[in-house]
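Everything below belongs to upload10.pdb, which stores PDB, C-alpha atoms.
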ATOM      1  CA  MET A   1       7.575 -11.735  -4.918  1.00  0.00           C
ATOM      2  CA  THR A   2       7.923  -9.845  -8.153  1.00  0.00           C
ATOM      3  CA  GLN A   3       5.074  -8.172  -9.965  1.00  0.00           C
ATOM      4  CA  ASN A   4       5.279 -10.726 -12.790  1.00  0.00           C
ATOM      5  CA  SER A   5       5.248 -13.756 -10.483  1.00  0.00           C
ATOM      6  CA  PRO A   6       2.810 -16.531 -11.446  1.00  0.00           C
ATOM      7  CA  ASN A   7       2.346 -17.389  -7.770  1.00  0.00           C
ATOM      8  CA  PRO A   8      -0.982 -16.367  -6.240  1.00  0.00           C
ATOM      9  CA  LEU A   9      -1.075 -13.427  -3.853  1.00  0.00           C
ATOM     10  CA  SER A  10      -2.692 -13.755  -0.428  1.00  0.00           C
ATOM     11  CA  SER A  11      -4.632 -11.698   2.079  1.00  0.00           C
ATOM     12  CA  HIS A  12      -7.059 -12.355   4.934  1.00  0.00           C
ATOM     13  CA  VAL A  13     -10.652 -11.155   5.038  1.00  0.00           C
ATOM     14  CA  LEU A  14     -11.908 -10.129   8.483  1.00  0.00           C
ATOM     15  CA  LEU A  15     -15.681 -10.359   8.565  1.00  0.00           C
ATOM     16  CA  ALA A  16     -17.990  -7.799  10.152  1.00  0.00           C
ATOM     17  CA  ALA A  17     -19.866  -9.089  13.189  1.00  0.00           C
ATOM     18  CA  GLN A  18     -23.430 -10.297  12.726  1.00  0.00           C
ATOM     19  CA  LYS A  19     -23.361 -10.155   8.923  1.00  0.00           C
ATOM     20  CA  PRO A  20     -24.152 -13.069   6.574  1.00  0.00           C
ATOM     21  CA  VAL A  21     -20.950 -14.515   5.125  1.00  0.00           C
ATOM     22  CA  GLU A  22     -22.247 -16.557   2.179  1.00  0.00           C
ATOM     23  CA  GLN A  23     -22.679 -13.544  -0.107  1.00  0.00           C
ATOM     24  CA  VAL A  24     -19.134 -12.324   0.655  1.00  0.00           C
ATOM     25  CA  LEU A  25     -17.633 -15.761  -0.051  1.00  0.00           C
ATOM     26  CA  ALA A  26     -19.563 -16.096  -3.314  1.00  0.00           C
ATOM     27  CA  TYR A  27     -18.523 -12.620  -4.471  1.00  0.00           C
ATOM     28  CA  PHE A  28     -14.813 -13.362  -4.143  1.00  0.00           C
ATOM     29  CA  ALA A  29     -15.129 -16.841  -5.667  1.00  0.00           C
ATOM     30  CA  ASP A  30     -17.005 -15.338  -8.622  1.00  0.00           C
ATOM     31  CA  HIS A  31     -14.219 -12.773  -9.085  1.00  0.00           C
ATOM     32  CA  GLY A  32     -11.401 -15.287  -9.525  1.00  0.00           C
ATOM     33  CA  PHE A  33     -10.226 -15.802  -5.955  1.00  0.00           C
ATOM     34  CA  ASP A  34      -9.633 -19.006  -4.038  1.00  0.00           C
ATOM     35  CA  VAL A  35     -11.636 -18.617  -0.848  1.00  0.00           C
ATOM     36  CA  GLY A  36     -10.527 -20.426   2.304  1.00  0.00           C
ATOM     37  CA  GLU A  37     -12.710 -21.952   4.970  1.00  0.00           C
ATOM     38  CA  VAL A  38     -14.259 -19.503   7.415  1.00  0.00           C
ATOM     39  CA  ILE A  39     -12.447 -19.803  10.729  1.00  0.00           C
ATOM     40  CA  ALA A  40     -13.594 -17.650  13.643  1.00  0.00           C
ATOM     41  CA  SER A  41     -14.167 -14.208  12.096  1.00  0.00           C
ATOM     42  CA  GLY A  42     -12.379 -14.465   8.786  1.00  0.00           C
ATOM     43  CA  PHE A  43     -11.061 -16.449   5.867  1.00  0.00           C
ATOM     44  CA  ALA A  44      -8.004 -16.622   3.638  1.00  0.00           C
ATOM     45  CA  LEU A  45      -8.180 -15.132   0.184  1.00  0.00           C
ATOM     46  CA  SER A  46      -5.708 -15.858  -2.597  1.00  0.00           C
ATOM     47  CA  GLY A  47      -5.686 -15.218  -6.291  1.00  0.00           C
ATOM     48  CA  PRO A  48      -3.856 -13.810  -9.262  1.00  0.00           C
ATOM     49  CA  ARG A  49      -2.674 -10.224  -9.429  1.00  0.00           C
ATOM     50  CA  THR A  50      -5.351  -9.435 -12.019  1.00  0.00           C
ATOM     51  CA  ALA A  51      -8.144 -10.455  -9.620  1.00  0.00           C
ATOM     52  CA  TYR A  52      -6.758  -8.177  -6.891  1.00  0.00           C
ATOM     53  CA  LEU A  53      -6.282  -5.268  -9.301  1.00  0.00           C
ATOM     54  CA  GLU A  54      -9.762  -5.590 -10.764  1.00  0.00           C
ATOM     55  CA  THR A  55     -11.433  -6.016  -7.366  1.00  0.00           C
ATOM     56  CA  PHE A  56      -9.449  -3.691  -5.089  1.00  0.00           C
ATOM     57  CA  GLY A  57      -7.485  -1.480  -7.493  1.00  0.00           C
ATOM     58  CA  THR A  58      -4.229  -2.650  -5.908  1.00  0.00           C
ATOM     59  CA  ALA A  59      -2.453  -5.861  -4.932  1.00  0.00           C
ATOM     60  CA  PRO A  60      -1.176  -7.059  -1.534  1.00  0.00           C
ATOM     61  CA  ASP A  61       2.472  -6.927  -2.578  1.00  0.00           C
ATOM     62  CA  THR A  62       2.329  -3.367  -3.926  1.00  0.00           C
ATOM     63  CA  THR A  63       0.282  -1.516  -1.298  1.00  0.00           C
ATOM     64  CA  ASP A  64       1.892   0.523   1.468  1.00  0.00           C
ATOM     65  CA  SER A  65      -1.048  -0.163   3.769  1.00  0.00           C
ATOM     66  CA  ASP A  66      -1.809  -3.088   6.095  1.00  0.00           C
ATOM     67  CA  GLU A  67      -5.279  -3.317   4.529  1.00  0.00           C
ATOM     68  CA  LEU A  68      -6.699  -3.305   1.031  1.00  0.00           C
ATOM     69  CA  PRO A  69      -9.237  -0.584   0.195  1.00  0.00           C
ATOM     70  CA  LEU A  70     -12.899  -1.586   0.215  1.00  0.00           C
ATOM     71  CA  GLU A  71     -14.234   1.381  -1.799  1.00  0.00           C
ATOM     72  CA  ARG A  72     -14.429  -0.545  -5.089  1.00  0.00           C
ATOM     73  CA  LEU A  73     -16.506  -3.367  -3.590  1.00  0.00           C
ATOM     74  CA  PRO A  74     -20.297  -3.293  -3.907  1.00  0.00           C
ATOM     75  CA  ARG A  75     -21.841  -1.811  -0.749  1.00  0.00           C
ATOM     76  CA  GLU A  76     -23.587  -5.065   0.240  1.00  0.00           C
ATOM     77  CA  ILE A  77     -20.219  -6.871   0.107  1.00  0.00           C
ATOM     78  CA  ALA A  78     -18.190  -4.145   1.828  1.00  0.00           C
ATOM     79  CA  ASP A  79     -20.784  -3.981   4.630  1.00  0.00           C
ATOM     80  CA  GLY A  80     -20.010  -7.621   5.468  1.00  0.00           C
ATOM     81  CA  ILE A  81     -16.257  -7.007   5.744  1.00  0.00           C
ATOM     82  CA  GLU A  82     -14.376  -5.386   8.591  1.00  0.00           C
ATOM     83  CA  ALA A  83     -11.072  -5.346   6.663  1.00  0.00           C
ATOM     84  CA  VAL A  84      -9.002  -7.201   4.089  1.00  0.00           C
ATOM     85  CA  ALA A  85      -5.636  -7.539   5.795  1.00  0.00           C
ATOM     86  CA  VAL A  86      -2.394  -7.734   3.851  1.00  0.00           C
ATOM     87  CA  LEU A  87      -0.227 -10.618   4.992  1.00  0.00           C
ATOM     88  CA  SER A  88       3.428  -9.707   5.480  1.00  0.00           C
ATOM     89  CA  PRO A  89       6.084 -12.293   4.721  1.00  0.00           C
ATOM     90  CA  PRO A  90       7.940 -13.612   7.776  1.00  0.00           C
ATOM     91  CA  ASP A  91      10.833 -11.414   8.896  1.00  0.00           C
ATOM     92  CA  PHE A  92      13.058 -14.299   9.941  1.00  0.00           C
ATOM     93  CA  GLY A  93      15.183 -16.859   8.163  1.00  0.00           C
ATOM     94  CA  PRO A  94      17.971 -16.442   5.624  1.00  0.00           C
ATOM     95  CA  THR A  95      18.197 -13.126   3.840  1.00  0.00           C
ATOM     96  CA  SER A  96      20.468 -14.397   1.073  1.00  0.00           C
ATOM     97  CA  TYR A  97      21.882 -17.643  -0.217  1.00  0.00           C
TER      98      TYR A  97
END
Written form, structure tokens:
Amino acid sequence: MTQNSPNPLSSHVLLAAQKPVEQVLAYFADHGFDVGEVIASGFALSGPRTAYLETFGTAPDTTDSDELPLERLPREIADGIEAVAVLSPPDFGPTSY
């Protein structure tokens, strides 16, 4: 995916144990993200590059880490999150056409 791609970027939010999830879901929805259904201990997060840059200071396709930084999130939101994992594209299939 290129930096100018109109396609949404994706990541996965891993929730902290024993923390209320509603506030975390509402925060991301209010900041321009599409929030997936909570399944087990996490949910999918997707949105435009601008939402990731404004919220995390980086985007999933430009970070060298497996996780997005939580430092820019309000403390009450960050406390409810274990990690925001960066989803890697599959490493199988055709490499060129």
Taking only C-alpha atoms into account, which of A:Leu87, A:Val21, A:Ile77, A:Glu67 comes nearest A:Ile39?
->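 Selected residue with least distance to A:Ile39: A:Val21.
Picture a line from atom CA of A:Thr50 to atom CA of A:Asn7; it runs 11.9 Å.
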Which protein, DNA or RNA residues are at most 10 Å from (-26.8, -8.5, 7.7) in the file's coordinates when you count all atoms listed in the file, listed as a PyMOL selection string?
-> chain A and resi 16-21+76+79-80
Taking all atoms listed in the file into account, which of A:Ser41, A:Tyr27, A:Ile81, A:Val35 comes nearest A:Thr55?
-> A:Tyr27
Output check: residues returned by the PyMOL selection byres ((chain A and resi 34) around 8), as a PyMOL selection string = chain A and resi 28-29+32-33+35-36+45-47
Find the distance between atom CA of A:Tyr52 and atom CA of A:Pro69 and write it in Å to one decimal.
->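 Atom CA of A:Pro69 lies at a distance of 10.7 Å from atom CA of A:Tyr52.
Counting all atoms listed in the file and comparing A:Thr63, A:Thr58, A:Gln23, A:Ser11, the residue that lies closest to A:Ala83 is A:Ser11.
Taken over the whole file, the PyMOL selection byres ((chain A and resi 62) around 12) covers exactly Met1, Thr2, Gln3, Asn4, Leu9, Arg49, Tyr52, Leu53, Phe56, Gly57, Thr58, Ala59, Pro60, Asp61, Thr63, Asp64, Ser65, Asp66, Glu67, Leu68, Val86, Leu87 and Ser88 of chain A.
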Selected residue, from A:Leu70, A:Val38, A:Ala26, A:Ala44, that lies nearest to A:Val13 when counting only C-alpha atoms |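 Smallest separation from A:Val13 among the options: A:Ala44.
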Between atom CA of A:Glu71 and atom CA of A:Glu37 - distance in Å to one decimal |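 If I compute the distance from atom CA of A:Glu37 to atom CA of A:Glu71, I get 24.3 Å.
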